[in-house]
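Peer 1: Sharing a structure here in structure tokens format.
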Amino acid sequence: MIFYCPHCWKELPDGEAFCPYCRKKISSWDVKTFTDKLLGALCHPEPTTQTRAVYILGERKSEEALGPLARLFRQSKNPFLKSEIVAAAGKIGGSEALAFVVQALQQDSFMVRSEAAHALGGFVGDHTAKQALTAALEDPSPYVRESARKAWERLQCAATASPSRR
């Protein structure tokens with residue numbers, strides 16, 4: 001089993017009380033909140049750990065994660081991780097998340113653009129989301145266009161089901 005310092009994410013021998021790299025006490029990690037631990041895991045060297053942290057932050061609708069998620073998005077070259085970040089932002093919601101998701105429609109990766117179109121379907125009653133989806137319906141990728149079409153239908157259904165939310 002591989003152990004990592006929870007502060008600097010360097011590989012450690014088992015049983016160390018202090019990290020030989022950053023000199024921080026390993027057990028000090030125990031007093032952090034779960035959200036703080038997830039935010040720390042965004043810097044983990046193992047990609048699936050990052051992806052799991054992104055997913056959980058989205059499921060928890062953790063608004064304080066939007067800034068760190070946006071930074072990770074800009075740093076990453078991994079379209080799978082970037083797609084997960086866009087999905088998390090869509091789950092978190094709000095104006096900051098919407099702006100981020102709309103910008104993700106400009107990415108080179110069709111996977112990321114498709115996830116952005118999908119996420120826009122959750123911004124019910126928002127004019128900006130509708131405008132962005134209208135543009136996504138003209139995307140060069142059929143995969144993105146299909147995601148945009150389904151998201152558009154979700155927006156229309158939600159608007160019809162609850163006219164007071166328009």
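Chain identifiers are assigned as A, B, and so on, following the order in which chains appear in the structure tokens; residues are numbered from 1 within each chain, and ligands are numbered from 1 in order of appearance.
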Which neighbours of Ala148 (chain A) fall inside 8 Å, counting only C-alpha atoms, when residues of the same chain fewer than 4 positions from it are skipped, and could you give them as a count of residues only?

Peer 2: 10

Peer 1: What lies within 10 Å of Arg113 (chain A) using only C-alpha atoms, ignoring chain neighbours under 2 positions off, as a ChimeraX atom specification?

Peer 2: /A:79,82-83,86,101-111,115-119,136,139,141,143-145,147-148

Peer 1: Store the residues picked out above, limited to C-alpha atoms, as an mmCIF file, in the first residue's frame.

Peer 2:
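Below you can see again13.cif, which holds the result:
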data_model
loop_
_atom_site.group_PDB
_atom_site.id
_atom_site.type_symbol
_atom_site.label_atom_id
_atom_site.label_comp_id
_atom_site.auth_asym_id
_atom_site.auth_seq_id
_atom_site.Cartn_x
_atom_site.Cartn_y
_atom_site.Cartn_z
ATOM 1 C CA PRO A 79 -10.684 15.730 -20.599
ATOM 2 C CA LYS A 82 -12.381 18.378 -16.866
ATOM 3 C CA SER A 83 -15.753 16.817 -17.722
ATOM 4 C CA VAL A 86 -18.026 20.718 -15.294
ATOM 5 C CA VAL A 101 -20.191 25.975 -17.375
ATOM 6 C CA VAL A 102 -20.902 28.420 -20.214
ATOM 7 C CA GLN A 103 -17.141 29.002 -20.651
ATOM 8 C CA ALA A 104 -16.608 25.232 -20.766
ATOM 9 C CA LEU A 105 -18.617 25.189 -24.003
ATOM 10 C CA GLN A 106 -15.545 26.787 -25.630
ATOM 11 C CA GLN A 107 -13.197 23.884 -24.807
ATOM 12 C CA ASP A 108 -11.519 21.890 -27.576
ATOM 13 C CA SER A 109 -12.677 18.560 -26.149
ATOM 14 C CA PHE A 110 -16.112 17.501 -27.371
ATOM 15 C CA MET A 111 -16.461 15.518 -24.111
ATOM 16 C CA GLU A 115 -20.855 17.764 -20.315
ATOM 17 C CA ALA A 116 -21.256 21.545 -20.271
ATOM 18 C CA ALA A 117 -24.354 21.294 -22.467
ATOM 19 C CA HIS A 118 -25.728 18.568 -20.201
ATOM 20 C CA ALA A 119 -25.052 20.661 -17.070
ATOM 21 C CA ALA A 136 -24.483 24.426 -28.356
ATOM 22 C CA ASP A 139 -21.820 22.727 -32.205
ATOM 23 C CA SER A 141 -19.884 17.681 -32.775
ATOM 24 C CA TYR A 143 -22.405 14.307 -29.563
ATOM 25 C CA VAL A 144 -22.488 17.857 -28.168
ATOM 26 C CA ARG A 145 -25.557 18.745 -30.223
ATOM 27 C CA SER A 147 -26.449 16.614 -25.263
ATOM 28 C CA ALA A 148 -27.647 20.168 -25.899
#

Peer 1: May I have all residues of region 44-80 of chain A that DSSP, computed from the backbone, assigns to alpha helix (DSSP H), given as JSON, numbers by chain?

Peer 2: {"A": [47, 48, 49, 50, 51, 52, 53, 54, 55, 56, 57, 58, 59, 66, 67, 68, 69, 70, 71, 72, 73, 74, 75, 79, 80]}

Peer 1: Pick from A:Leu120, A:Pro140, A:Lys61, A:His127: nearest to Glu153 (chain A), with only C-alpha atoms counted?

Peer 2: A:Leu120

Peer 1: Between A:Phe73, A:Trp29, A:Tyr55, A:Phe123, single out the one closest to Gly90 (chain A), counting only C-alpha atoms.

Peer 2: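 Checking each candidate against Gly90 (chain A), we get A:Phe123 as the closest.
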
Peer 1: Could you give me, as a ChimeraX atom specification, the residues within 10 Å of Lys25 (chain A), counting only C-alpha atoms and dropping anything in the same chain fewer than 3 positions from it?

Peer 2: /A:5-7,16-20,22,28-29

Peer 1: Convert the current residue selection to file output with C-alpha atoms, as an mmCIF file, in the first residue's frame.

Peer 2:
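Done, and the output landed in part-v1.cif:
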data_model
loop_
_atom_site.group_PDB
_atom_site.id
_atom_site.type_symbol
_atom_site.label_atom_id
_atom_site.label_comp_id
_atom_site.auth_asym_id
_atom_site.auth_seq_id
_atom_site.Cartn_x
_atom_site.Cartn_y
_atom_site.Cartn_z
ATOM 1 C CA CYS A 5 1.294 13.026 3.084
ATOM 2 C CA PRO A 6 -2.170 14.605 3.222
ATOM 3 C CA HIS A 7 -0.594 18.062 3.122
ATOM 4 C CA GLU A 16 5.536 8.390 9.762
ATOM 5 C CA ALA A 17 4.327 10.948 12.318
ATOM 6 C CA PHE A 18 5.770 13.922 10.389
ATOM 7 C CA CYS A 19 6.251 14.359 6.663
ATOM 8 C CA PRO A 20 9.967 14.496 5.827
ATOM 9 C CA CYS A 22 6.823 19.493 4.261
ATOM 10 C CA SER A 28 -3.120 17.270 11.979
ATOM 11 C CA TRP A 29 -5.142 16.238 8.916
#

Peer 1: Find the residues around Glu63 (chain A) up to 12 Å (only C-alpha atoms counted), leave out those fewer than 6 positions away in its own chain, and share them as number ranges by chain.

Peer 2: A: 35, 39, 57, 69-70, 88-97

Peer 1: Save the residues we just selected, N, CA and C atoms, as a compact mmCIF listing (two decimals), in the first residue's frame?

Peer 2:
# COMPACT_ATOMS: atom_id res chain seq x y z
N THR A 35 -15.09 18.59 3.93
CA THR A 35 -14.96 19.43 2.74
C THR A 35 -13.52 19.88 2.54
N LEU A 39 -11.19 19.21 -0.68
CA LEU A 39 -10.50 20.28 -1.40
C LEU A 39 -8.99 19.99 -1.46
N LEU A 57 -17.58 16.58 -4.18
CA LEU A 57 -17.84 18.02 -3.97
C LEU A 57 -19.08 18.46 -4.75
N LEU A 69 -12.08 24.24 -7.98
CA LEU A 69 -12.43 23.42 -9.14
C LEU A 69 -12.06 24.14 -10.43
N ALA A 70 -12.31 25.43 -10.49
CA ALA A 70 -11.97 26.22 -11.68
C ALA A 70 -10.45 26.23 -11.90
N ALA A 88 -19.69 18.70 -11.83
CA ALA A 88 -19.78 19.14 -10.43
C ALA A 88 -20.27 20.58 -10.35
N ALA A 89 -19.75 21.44 -11.20
CA ALA A 89 -20.20 22.84 -11.20
C ALA A 89 -21.69 22.92 -11.51
N GLY A 90 -22.15 22.10 -12.44
CA GLY A 90 -23.58 22.08 -12.76
C GLY A 90 -24.42 21.66 -11.57
N LYS A 91 -23.93 20.69 -10.79
CA LYS A 91 -24.67 20.25 -9.60
C LYS A 91 -24.66 21.32 -8.51
N ILE A 92 -23.54 22.03 -8.40
CA ILE A 92 -23.43 23.07 -7.37
C ILE A 92 -24.37 24.22 -7.69
N GLY A 93 -24.42 24.63 -8.95
CA GLY A 93 -25.35 25.67 -9.37
C GLY A 93 -24.94 27.07 -8.94
N GLY A 94 -25.78 28.03 -9.24
CA GLY A 94 -25.51 29.42 -8.92
C GLY A 94 -24.90 30.16 -10.08
N SER A 95 -24.81 31.47 -9.97
CA SER A 95 -24.34 32.29 -11.08
C SER A 95 -22.87 32.06 -11.41
N GLU A 96 -22.03 31.86 -10.39
CA GLU A 96 -20.61 31.60 -10.63
C GLU A 96 -20.43 30.27 -11.38
N ALA A 97 -21.17 29.26 -10.97
CA ALA A 97 -21.10 27.95 -11.64
C ALA A 97 -21.62 28.05 -13.07

Peer 1: Using only C-alpha atoms, pick whichever of A:Asp126, A:Asn78, A:Val112, A:Asp14 has the shortest atom-to-atom distance to Ile2 (chain A).

Peer 2: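 Going through A:Asp126, A:Asn78, A:Val112, A:Asp14 one by one, the smallest distance to Ile2 (chain A) is for A:Asp14.
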
Peer 1: Using only C-alpha atoms, which residue out of A:Leu38, A:Val124, A:Val31, A:Ala132 lies closest to Glu64 (chain A)?

Peer 2: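 Smallest distance to Glu64 (chain A) is found for A:Leu38.
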
Peer 1: Hey, can you check how far CA of Phe34 (chain A) sits from CA of Ser62 (chain A)?

Peer 2: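 For CA of Phe34 (chain A) relative to CA of Ser62 (chain A), the distance reads 11.0 Å.
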